[in-house]
file model.pdb (PDB, C-alpha atoms)
MODEL        1
ATOM      1  CA  MET A 258     120.113  86.344  67.853  1.00  0.00           C
ATOM      2  CA  ALA A 259     117.281  85.041  65.703  1.00  0.00           C
ATOM      3  CA  THR A 260     114.685  87.257  64.101  1.00  0.00           C
ATOM      4  CA  ILE A 261     111.109  86.207  64.740  1.00  0.00           C
ATOM      5  CA  SER A 262     107.970  87.104  62.867  1.00  0.00           C
ATOM      6  CA  GLY A 263     104.407  85.974  62.353  1.00  0.00           C
ATOM      7  CA  GLU A 264     102.497  84.687  65.359  1.00  0.00           C
ATOM      8  CA  ALA A 265     105.459  85.073  67.718  1.00  0.00           C
ATOM      9  CA  ALA A 266     105.854  88.732  66.747  1.00  0.00           C
ATOM     10  CA  ARG A 267     102.120  89.327  67.277  1.00  0.00           C
ATOM     11  CA  ALA A 268     102.372  87.591  70.650  1.00  0.00           C
ATOM     12  CA  TYR A 269     105.202  89.920  71.693  1.00  0.00           C
ATOM     13  CA  ASN A 270     103.185  92.954  70.583  1.00  0.00           C
ATOM     14  CA  ASP A 271     100.133  91.726  72.471  1.00  0.00           C
ATOM     15  CA  LEU A 272     102.134  91.093  75.649  1.00  0.00           C
ATOM     16  CA  VAL A 273     103.706  94.550  75.544  1.00  0.00           C
ATOM     17  CA  GLU A 274     100.271  96.150  75.143  1.00  0.00           C
ATOM     18  CA  ILE A 275      98.717  93.977  77.848  1.00  0.00           C
ATOM     19  CA  ASN A 276     101.440  94.961  80.301  1.00  0.00           C
ATOM     20  CA  LYS A 277     101.131  98.655  79.472  1.00  0.00           C
ATOM     21  CA  THR A 278      97.396  98.348  80.069  1.00  0.00           C
ATOM     22  CA  ALA A 279      97.906  96.386  83.284  1.00  0.00           C
ATOM     23  CA  ALA A 280     100.296  99.057  84.564  1.00  0.00           C
ATOM     24  CA  LYS A 281      97.616 101.705  83.979  1.00  0.00           C
ATOM     25  CA  GLY A 282      94.868  99.495  85.376  1.00  0.00           C
ATOM     26  CA  TYR A 283      96.770  98.675  88.540  1.00  0.00           C
ATOM     27  CA  GLN A 284      97.604 102.353  89.034  1.00  0.00           C
ATOM     28  CA  GLU A 285      93.936 103.274  88.686  1.00  0.00           C
ATOM     29  CA  ALA A 286      93.040 100.471  91.100  1.00  0.00           C
ATOM     30  CA  ALA A 287      95.630 101.733  93.600  1.00  0.00           C
ATOM     31  CA  GLU A 288      94.068 105.183  93.413  1.00  0.00           C
ATOM     32  CA  GLY A 289      90.595 103.713  93.962  1.00  0.00           C
ATOM     33  CA  VAL A 290      91.135 101.502  96.997  1.00  0.00           C
ATOM     34  CA  SER A 291      90.845 102.794 100.536  1.00  0.00           C
ATOM     35  CA  SER A 292      93.395 100.563 102.291  1.00  0.00           C
ATOM     36  CA  PRO A 293      96.942 102.013 102.435  1.00  0.00           C
ATOM     37  CA  ASP A 294      98.391  98.479 102.271  1.00  0.00           C
ATOM     38  CA  LEU A 295      96.358  97.702  99.145  1.00  0.00           C
ATOM     39  CA  LYS A 296      97.371 101.025  97.578  1.00  0.00           C
ATOM     40  CA  SER A 297     101.012 100.145  98.125  1.00  0.00           C
ATOM     41  CA  GLN A 298     100.756  96.605  96.738  1.00  0.00           C
ATOM     42  CA  LEU A 299      98.694  97.610  93.708  1.00  0.00           C
ATOM     43  CA  SER A 300     101.197 100.388  92.943  1.00  0.00           C
ATOM     44  CA  GLN A 301     103.974  97.792  93.089  1.00  0.00           C
ATOM     45  CA  PHE A 302     102.053  95.592  90.641  1.00  0.00           C
ATOM     46  CA  SER A 303     101.674  98.638  88.370  1.00  0.00           C
ATOM     47  CA  GLN A 304     105.438  99.225  88.422  1.00  0.00           C
ATOM     48  CA  GLN A 305     106.063  95.517  87.837  1.00  0.00           C
ATOM     49  CA  ARG A 306     103.872  95.516  84.711  1.00  0.00           C
ATOM     50  CA  ALA A 307     105.523  98.666  83.379  1.00  0.00           C
ATOM     51  CA  GLN A 308     108.866  96.900  83.837  1.00  0.00           C
ATOM     52  CA  PHE A 309     107.529  93.803  82.039  1.00  0.00           C
ATOM     53  CA  ALA A 310     106.418  95.956  79.082  1.00  0.00           C
ATOM     54  CA  SER A 311     109.837  97.607  78.949  1.00  0.00           C
ATOM     55  CA  GLU A 312     111.657  94.282  79.173  1.00  0.00           C
ATOM     56  CA  LEU A 313     109.510  92.765  76.420  1.00  0.00           C
ATOM     57  CA  SER A 314     109.979  95.842  74.216  1.00  0.00           C
ATOM     58  CA  GLN A 315     113.761  95.600  74.566  1.00  0.00           C
ATOM     59  CA  HIS A 316     113.740  91.886  73.752  1.00  0.00           C
ATOM     60  CA  ALA A 317     111.383  92.437  70.826  1.00  0.00           C
ATOM     61  CA  GLN A 318     113.773  94.987  69.331  1.00  0.00           C
ATOM     62  CA  GLN A 319     116.634  92.502  69.674  1.00  0.00           C
ATOM     63  CA  PHE A 320     114.529  90.000  67.710  1.00  0.00           C
ATOM     64  CA  GLY A 321     113.718  92.547  65.014  1.00  0.00           C
ATOM     65  CA  ILE A 322     110.144  93.195  66.157  1.00  0.00           C
ATOM     66  CA  SER A 323     108.787  96.723  66.225  1.00  0.00           C
ATOM     67  CA  VAL A 324     106.398  96.943  69.190  1.00  0.00           C
ATOM     68  CA  GLU A 325     105.753 100.637  68.663  1.00  0.00           C
ATOM     69  CA  ASN A 326     103.481  99.923  65.699  1.00  0.00           C
ATOM     70  CA  ASP A 327     100.046 100.143  67.294  1.00  0.00           C
ATOM     71  CA  ASN A 328      98.327 100.441  63.936  1.00  0.00           C
ATOM     72  CA  THR A 329      97.991  96.698  63.381  1.00  0.00           C
ATOM     73  CA  ILE A 330      94.531  95.224  63.612  1.00  0.00           C
ATOM     74  CA  GLU A 331      95.666  93.255  66.651  1.00  0.00           C
ATOM     75  CA  GLY A 332      96.955  96.429  68.296  1.00  0.00           C
ATOM     76  CA  VAL A 333      93.699  98.268  67.701  1.00  0.00           C
ATOM     77  CA  VAL A 334      91.688  95.337  69.096  1.00  0.00           C
ATOM     78  CA  ALA A 335      93.994  95.073  72.124  1.00  0.00           C
ATOM     79  CA  ASP A 336      93.682  98.836  72.722  1.00  0.00           C
ATOM     80  CA  ALA A 337      89.895  98.629  72.549  1.00  0.00           C
ATOM     81  CA  ALA A 338      89.775  95.703  74.966  1.00  0.00           C
ATOM     82  CA  ALA A 339      92.153  97.495  77.295  1.00  0.00           C
ATOM     83  CA  ALA A 340      90.058 100.654  77.257  1.00  0.00           C
ATOM     84  CA  VAL A 341      86.967  98.622  78.069  1.00  0.00           C
ATOM     85  CA  HIS A 342      88.718  96.955  80.996  1.00  0.00           C
ATOM     86  CA  ARG A 343      89.982 100.261  82.405  1.00  0.00           C
ATOM     87  CA  GLY A 344      86.469 101.605  82.035  1.00  0.00           C
ATOM     88  CA  TRP A 345      85.102  98.716  84.070  1.00  0.00           C
ATOM     89  CA  ILE A 346      87.456  99.503  86.919  1.00  0.00           C
ATOM     90  CA  ASN A 347      86.256 103.114  86.882  1.00  0.00           C
ATOM     91  CA  ILE A 348      82.581 102.238  86.550  1.00  0.00           C
ATOM     92  CA  LYS A 349      82.677  99.498  89.130  1.00  0.00           C
ATOM     93  CA  SER A 350      84.491 101.625  91.693  1.00  0.00           C
ATOM     94  CA  ALA A 351      82.037 104.477  91.140  1.00  0.00           C
ATOM     95  CA  ILE A 352      79.007 102.195  91.517  1.00  0.00           C
ATOM     96  CA  THR A 353      80.330 100.411  94.564  1.00  0.00           C
ATOM     97  CA  GLY A 354      81.567 103.551  96.274  1.00  0.00           C
ATOM     98  CA  GLN A 355      85.235 102.558  96.026  1.00  0.00           C
ATOM     99  CA  ASP A 356      84.629  99.014  97.327  1.00  0.00           C
ATOM    100  CA  ASP A 357      88.086  97.428  97.610  1.00  0.00           C
ATOM    101  CA  SER A 358      86.836  93.900  96.957  1.00  0.00           C
ATOM    102  CA  ALA A 359      85.143  94.907  93.694  1.00  0.00           C
ATOM    103  CA  ILE A 360      88.272  96.728  92.524  1.00  0.00           C
ATOM    104  CA  LEU A 361      90.402  93.673  93.349  1.00  0.00           C
ATOM    105  CA  GLY A 362      87.919  91.575  91.375  1.00  0.00           C
ATOM    106  CA  GLU A 363      88.601  93.721  88.325  1.00  0.00           C
ATOM    107  CA  CYS A 364      92.349  93.335  88.848  1.00  0.00           C
ATOM    108  CA  GLU A 365      91.831  89.580  89.069  1.00  0.00           C
ATOM    109  CA  THR A 366      89.944  89.625  85.749  1.00  0.00           C
ATOM    110  CA  GLY A 367      92.714  91.653  84.117  1.00  0.00           C
ATOM    111  CA  ASP A 368      95.353  89.221  85.331  1.00  0.00           C
ATOM    112  CA  ALA A 369      93.334  86.242  84.070  1.00  0.00           C
ATOM    113  CA  THR A 370      93.237  87.894  80.633  1.00  0.00           C
ATOM    114  CA  ALA A 371      96.982  88.546  80.758  1.00  0.00           C
ATOM    115  CA  LEU A 372      97.718  84.956  81.782  1.00  0.00           C
ATOM    116  CA  SER A 373      95.656  83.665  78.871  1.00  0.00           C
ATOM    117  CA  SER A 374      97.648  85.848  76.458  1.00  0.00           C
ATOM    118  CA  TYR A 375     100.929  84.643  77.950  1.00  0.00           C
ATOM    119  CA  GLU A 376      99.808  81.028  77.591  1.00  0.00           C
ATOM    120  CA  THR A 377      98.882  81.653  73.952  1.00  0.00           C
ATOM    121  CA  ALA A 378     102.317  83.176  73.336  1.00  0.00           C
ATOM    122  CA  LEU A 379     104.042  80.215  74.988  1.00  0.00           C
ATOM    123  CA  LYS A 380     102.247  77.825  72.601  1.00  0.00           C
ATOM    124  CA  SER A 381     104.053  79.397  69.647  1.00  0.00           C
ATOM    125  CA  ASN A 382     106.668  77.127  68.138  1.00  0.00           C
ATOM    126  CA  GLU A 383     108.406  80.205  66.708  1.00  0.00           C
ATOM    127  CA  LEU A 384     109.636  81.567  70.048  1.00  0.00           C
ATOM    128  CA  PRO A 385     113.391  81.348  70.575  1.00  0.00           C
ATOM    129  CA  ALA A 386     114.463  79.860  73.916  1.00  0.00           C
ATOM    130  CA  GLU A 387     115.524  83.239  75.323  1.00  0.00           C
ATOM    131  CA  ALA A 388     112.131  84.782  74.532  1.00  0.00           C
ATOM    132  CA  ARG A 389     110.312  81.765  75.966  1.00  0.00           C
ATOM    133  CA  ASN A 390     112.310  82.075  79.210  1.00  0.00           C
ATOM    134  CA  VAL A 391     111.384  85.754  79.653  1.00  0.00           C
ATOM    135  CA  ILE A 392     107.719  85.081  78.897  1.00  0.00           C
ATOM    136  CA  GLN A 393     107.592  82.069  81.249  1.00  0.00           C
ATOM    137  CA  LYS A 394     109.187  84.082  84.066  1.00  0.00           C
ATOM    138  CA  GLN A 395     106.725  86.935  83.635  1.00  0.00           C
ATOM    139  CA  HIS A 396     103.813  84.479  83.433  1.00  0.00           C
ATOM    140  CA  GLY A 397     104.852  83.056  86.796  1.00  0.00           C
ATOM    141  CA  GLU A 398     105.029  86.495  88.388  1.00  0.00           C
ATOM    142  CA  ILE A 399     101.620  87.485  86.999  1.00  0.00           C
ATOM    143  CA  LEU A 400     100.172  84.228  88.321  1.00  0.00           C
ATOM    144  CA  SER A 401     101.608  85.037  91.757  1.00  0.00           C
ATOM    145  CA  ALA A 402     100.095  88.529  91.598  1.00  0.00           C
ATOM    146  CA  LYS A 403      96.715  87.133  90.561  1.00  0.00           C
ATOM    147  CA  ASN A 404      96.826  84.654  93.439  1.00  0.00           C
ATOM    148  CA  TRP A 405      97.668  87.489  95.857  1.00  0.00           C
ATOM    149  CA  VAL A 406      94.753  89.561  94.534  1.00  0.00           C
ATOM    150  CA  THR A 407      92.373  86.577  94.770  1.00  0.00           C
ATOM    151  CA  GLN A 408      93.435  85.885  98.336  1.00  0.00           C
ATOM    152  CA  HIS A 409      93.022  89.523  99.420  1.00  0.00           C
ATOM    153  CA  LYS A 410      89.748  90.016  97.563  1.00  0.00           C
ATOM    154  CA  GLY A 411      88.075  87.624  99.972  1.00  0.00           C
ATOM    155  CA  THR A 412      89.262  89.565 103.025  1.00  0.00           C
ATOM    156  CA  ARG A 413      87.843  92.963 102.026  1.00  0.00           C
TER
ENDMDL
END
call {"tool": "encode", "arguments": {"input": "model.pdb", "output": "structure tokens"}}
result
Amino acid sequence: MATISGEAARAYNDLVEINKTAAKGYQEAAEGVSSPDLKSQLSQFSQQRAQFASELSQHAQQFGISVENDNTIEGVVADAAAAVHRGWINIKSAITGQDDSAILGECETGDATALSSYETALKSNELPAEARNVIQKQHGEILSAKNWVTQHKGTR
């Protein structure tokens, strides 16, 4: 299996961090919504993102990428952005009195950010076919989740 570095390695690191953040964000969202059905679905999305992070970490290691190094500038920036996003979910839910639609709106924003990062990663010419396949599959599942959130946001 090929070793990858440079922009493809940074993309893998970013995607792992984004999915770890999304798992936390979706869990916080699940805790903040009032609907039992929403709680269940958002918890499932949280588990899905944790699985994506794990899958990407395992693949990264196979390609010789260390995703545990959070001390890169990119990692610090991603952590800061993630903390801001999680904060918005907390602030927004507090201001709106746990309004489900507002919380779903924050989930939608998080997924849009994730999709953008996936699309950036897929533009890399350095990605081996196996890595590209995993990233494309996850991108499709995140897009489906975002569409679900968008659809349900309008019904709350």
call {"tool": "closest_residue", "arguments": {"input": "model.pdb", "among": "A:Glu398, A:Glu376, A:Asp357, A:Glu365", "to": "Leu272 in chain A", "atoms": "all atoms listed in the file"}}
result
A:Glu376
call {"tool": "residues_around", "arguments": {"input": "model.pdb", "residues": "Glu288 in chain A", "least_positions_apart": "5", "cutoff": "9 Å", "atoms": "only C-alpha atoms", "output": "list of chain:residue names"}}
result
A:Tyr283, A:Lys296, A:Leu299, A:Ser300
call {"tool": "closest_residue", "arguments": {"input": "model.pdb", "among": "A:Ala280, A:Ala369, A:Ala265, A:Val273", "to": "Lys403 in chain A", "atoms": "only C-alpha atoms"}}
result
A:Ala369
call {"tool": "closest_residue", "arguments": {"input": "model.pdb", "among": "A:Ile360, A:Ile399, A:Ala386, A:Leu372", "to": "Phe309 in chain A", "atoms": "only C-alpha atoms"}}
result
A:Ile399
call {"tool": "closest_residue", "arguments": {"input": "model.pdb", "among": "A:Leu313, A:Ala402, A:Asp356, A:Ser373", "to": "Glu387 in chain A", "atoms": "only C-alpha atoms"}}
result
A:Leu313
call {"tool": "atom_distance", "arguments": {"input": "model.pdb", "atom1": "CA of Ile275 in chain A", "atom2": "CA of Trp405 in chain A"}}
result
19.2 Å
call {"tool": "closest_residue", "arguments": {"input": "model.pdb", "among": "A:Ala388, A:Lys380, A:His396, A:Glu363", "to": "Gln315 in chain A", "atoms": "all atoms listed in the file"}}
result
A:Ala388
call {"tool": "closest_residue", "arguments": {"input": "model.pdb", "among": "A:Gln408, A:Ser297, A:Thr366, A:Ser323", "to": "Gly282 in chain A", "atoms": "all atoms listed in the file"}}
result
A:Thr366
call {"tool": "atom_distance", "arguments": {"input": "model.pdb", "atom1": "CA of Arg389 in chain A", "atom2": "CA of Ser303 in chain A"}}
result
22.7 Å
call {"tool": "resolve_selection", "arguments": {"input": "model.pdb", "expression": "the PyMOL selection byres ((chain A and resi 379) around 9)", "output": "PDB file with C-alpha atoms, in the coordinates of the input"}}
result
ATOM      1  CA  ALA A 265     105.459  85.073  67.718  1.00  0.00           C
ATOM      2  CA  ALA A 268     102.372  87.591  70.650  1.00  0.00           C
ATOM      3  CA  SER A 374      97.648  85.848  76.458  1.00  0.00           C
ATOM      4  CA  TYR A 375     100.929  84.643  77.950  1.00  0.00           C
ATOM      5  CA  GLU A 376      99.808  81.028  77.591  1.00  0.00           C
ATOM      6  CA  THR A 377      98.882  81.653  73.952  1.00  0.00           C
ATOM      7  CA  ALA A 378     102.317  83.176  73.336  1.00  0.00           C
ATOM      8  CA  LYS A 380     102.247  77.825  72.601  1.00  0.00           C
ATOM      9  CA  SER A 381     104.053  79.397  69.647  1.00  0.00           C
ATOM     10  CA  ASN A 382     106.668  77.127  68.138  1.00  0.00           C
ATOM     11  CA  LEU A 384     109.636  81.567  70.048  1.00  0.00           C
ATOM     12  CA  ARG A 389     110.312  81.765  75.966  1.00  0.00           C
ATOM     13  CA  ILE A 392     107.719  85.081  78.897  1.00  0.00           C
ATOM     14  CA  GLN A 393     107.592  82.069  81.249  1.00  0.00           C
TER      15      GLN A 393
END
call {"tool": "atom_distance", "arguments": {"input": "model.pdb", "atom1": "CA of Glu274 in chain A", "atom2": "CA of Val406 in chain A"}}
result
21.2 Å
call {"tool": "build_atoms", "arguments": {"input": "model.pdb", "residues": "range 350-381 of chain A", "atoms": "N, CA and C atoms", "output": "short mmCIF file (atom, residue, chain, number, x, y, z; two decimals), in the frame of the given file"}}
result
data_model
loop_
_atom_site.label_atom_id
_atom_site.label_comp_id
_atom_site.auth_asym_id
_atom_site.auth_seq_id
_atom_site.Cartn_x
_atom_site.Cartn_y
_atom_site.Cartn_z
N SER A 350 84.13 100.92 90.46
CA SER A 350 84.49 101.62 91.69
C SER A 350 83.51 102.76 91.98
N ALA A 351 83.01 103.40 90.93
CA ALA A 351 82.04 104.48 91.14
C ALA A 351 80.71 103.91 91.67
N ILE A 352 80.28 102.80 91.10
CA ILE A 352 79.01 102.20 91.52
C ILE A 352 79.10 101.67 92.94
N THR A 353 80.21 101.05 93.26
CA THR A 353 80.33 100.41 94.56
C THR A 353 80.88 101.35 95.63
N GLY A 354 81.06 102.61 95.28
CA GLY A 354 81.57 103.55 96.27
C GLY A 354 82.98 103.21 96.71
N GLN A 355 83.83 102.88 95.76
CA GLN A 355 85.24 102.56 96.03
C GLN A 355 85.40 101.27 96.84
N ASP A 356 84.55 100.28 96.62
CA ASP A 356 84.63 99.01 97.33
C ASP A 356 85.90 98.27 96.92
N ASP A 357 86.79 98.04 97.89
CA ASP A 357 88.09 97.43 97.61
C ASP A 357 87.95 96.04 96.98
N SER A 358 87.01 95.26 97.47
CA SER A 358 86.84 93.90 96.96
C SER A 358 86.45 93.91 95.48
N ALA A 359 85.56 94.81 95.10
CA ALA A 359 85.14 94.91 93.69
C ALA A 359 86.32 95.34 92.81
N ILE A 360 87.11 96.27 93.29
CA ILE A 360 88.27 96.73 92.52
C ILE A 360 89.27 95.58 92.37
N LEU A 361 89.51 94.83 93.44
CA LEU A 361 90.40 93.67 93.35
C LEU A 361 89.85 92.63 92.37
N GLY A 362 88.53 92.49 92.33
CA GLY A 362 87.92 91.58 91.38
C GLY A 362 88.24 91.96 89.94
N GLU A 363 88.24 93.26 89.67
CA GLU A 363 88.60 93.72 88.32
C GLU A 363 90.08 93.46 88.02
N CYS A 364 90.92 93.64 89.02
CA CYS A 364 92.35 93.34 88.85
C CYS A 364 92.53 91.84 88.55
N GLU A 365 91.78 91.03 89.26
CA GLU A 365 91.83 89.58 89.07
C GLU A 365 91.44 89.22 87.63
N THR A 366 90.39 89.86 87.12
CA THR A 366 89.94 89.62 85.75
C THR A 366 91.03 90.04 84.75
N GLY A 367 91.64 91.19 85.00
CA GLY A 367 92.71 91.65 84.12
C GLY A 367 93.88 90.69 84.10
N ASP A 368 94.25 90.18 85.28
CA ASP A 368 95.35 89.22 85.33
C ASP A 368 95.00 87.91 84.64
N ALA A 369 93.76 87.47 84.75
CA ALA A 369 93.33 86.24 84.07
C ALA A 369 93.46 86.41 82.56
N THR A 370 93.09 87.60 82.06
CA THR A 370 93.24 87.89 80.63
C THR A 370 94.71 87.89 80.23
N ALA A 371 95.54 88.51 81.04
CA ALA A 371 96.98 88.55 80.76
C ALA A 371 97.56 87.13 80.74
N LEU A 372 97.20 86.33 81.72
CA LEU A 372 97.72 84.96 81.78
C LEU A 372 97.33 84.17 80.54
N SER A 373 96.12 84.35 80.08
CA SER A 373 95.66 83.66 78.87
C SER A 373 96.51 84.08 77.67
N SER A 374 96.81 85.37 77.57
CA SER A 374 97.65 85.85 76.46
C SER A 374 99.07 85.29 76.55
N TYR A 375 99.60 85.22 77.76
CA TYR A 375 100.93 84.64 77.95
C TYR A 375 100.93 83.17 77.54
N GLU A 376 99.88 82.45 77.93
CA GLU A 376 99.81 81.03 77.59
C GLU A 376 99.70 80.82 76.09
N THR A 377 98.97 81.71 75.41
CA THR A 377 98.88 81.65 73.95
C THR A 377 100.26 81.89 73.34
N ALA A 378 100.97 82.88 73.85
CA ALA A 378 102.32 83.18 73.34
C ALA A 378 103.25 81.98 73.54
N LEU A 379 103.15 81.34 74.69
CA LEU A 379 104.04 80.22 74.99
C LEU A 379 103.75 79.00 74.12
N LYS A 380 102.58 78.94 73.50
CA LYS A 380 102.25 77.82 72.60
C LYS A 380 102.92 77.97 71.24
N SER A 381 103.42 79.16 70.94
CA SER A 381 104.05 79.40 69.65
C SER A 381 105.33 78.58 69.52
#
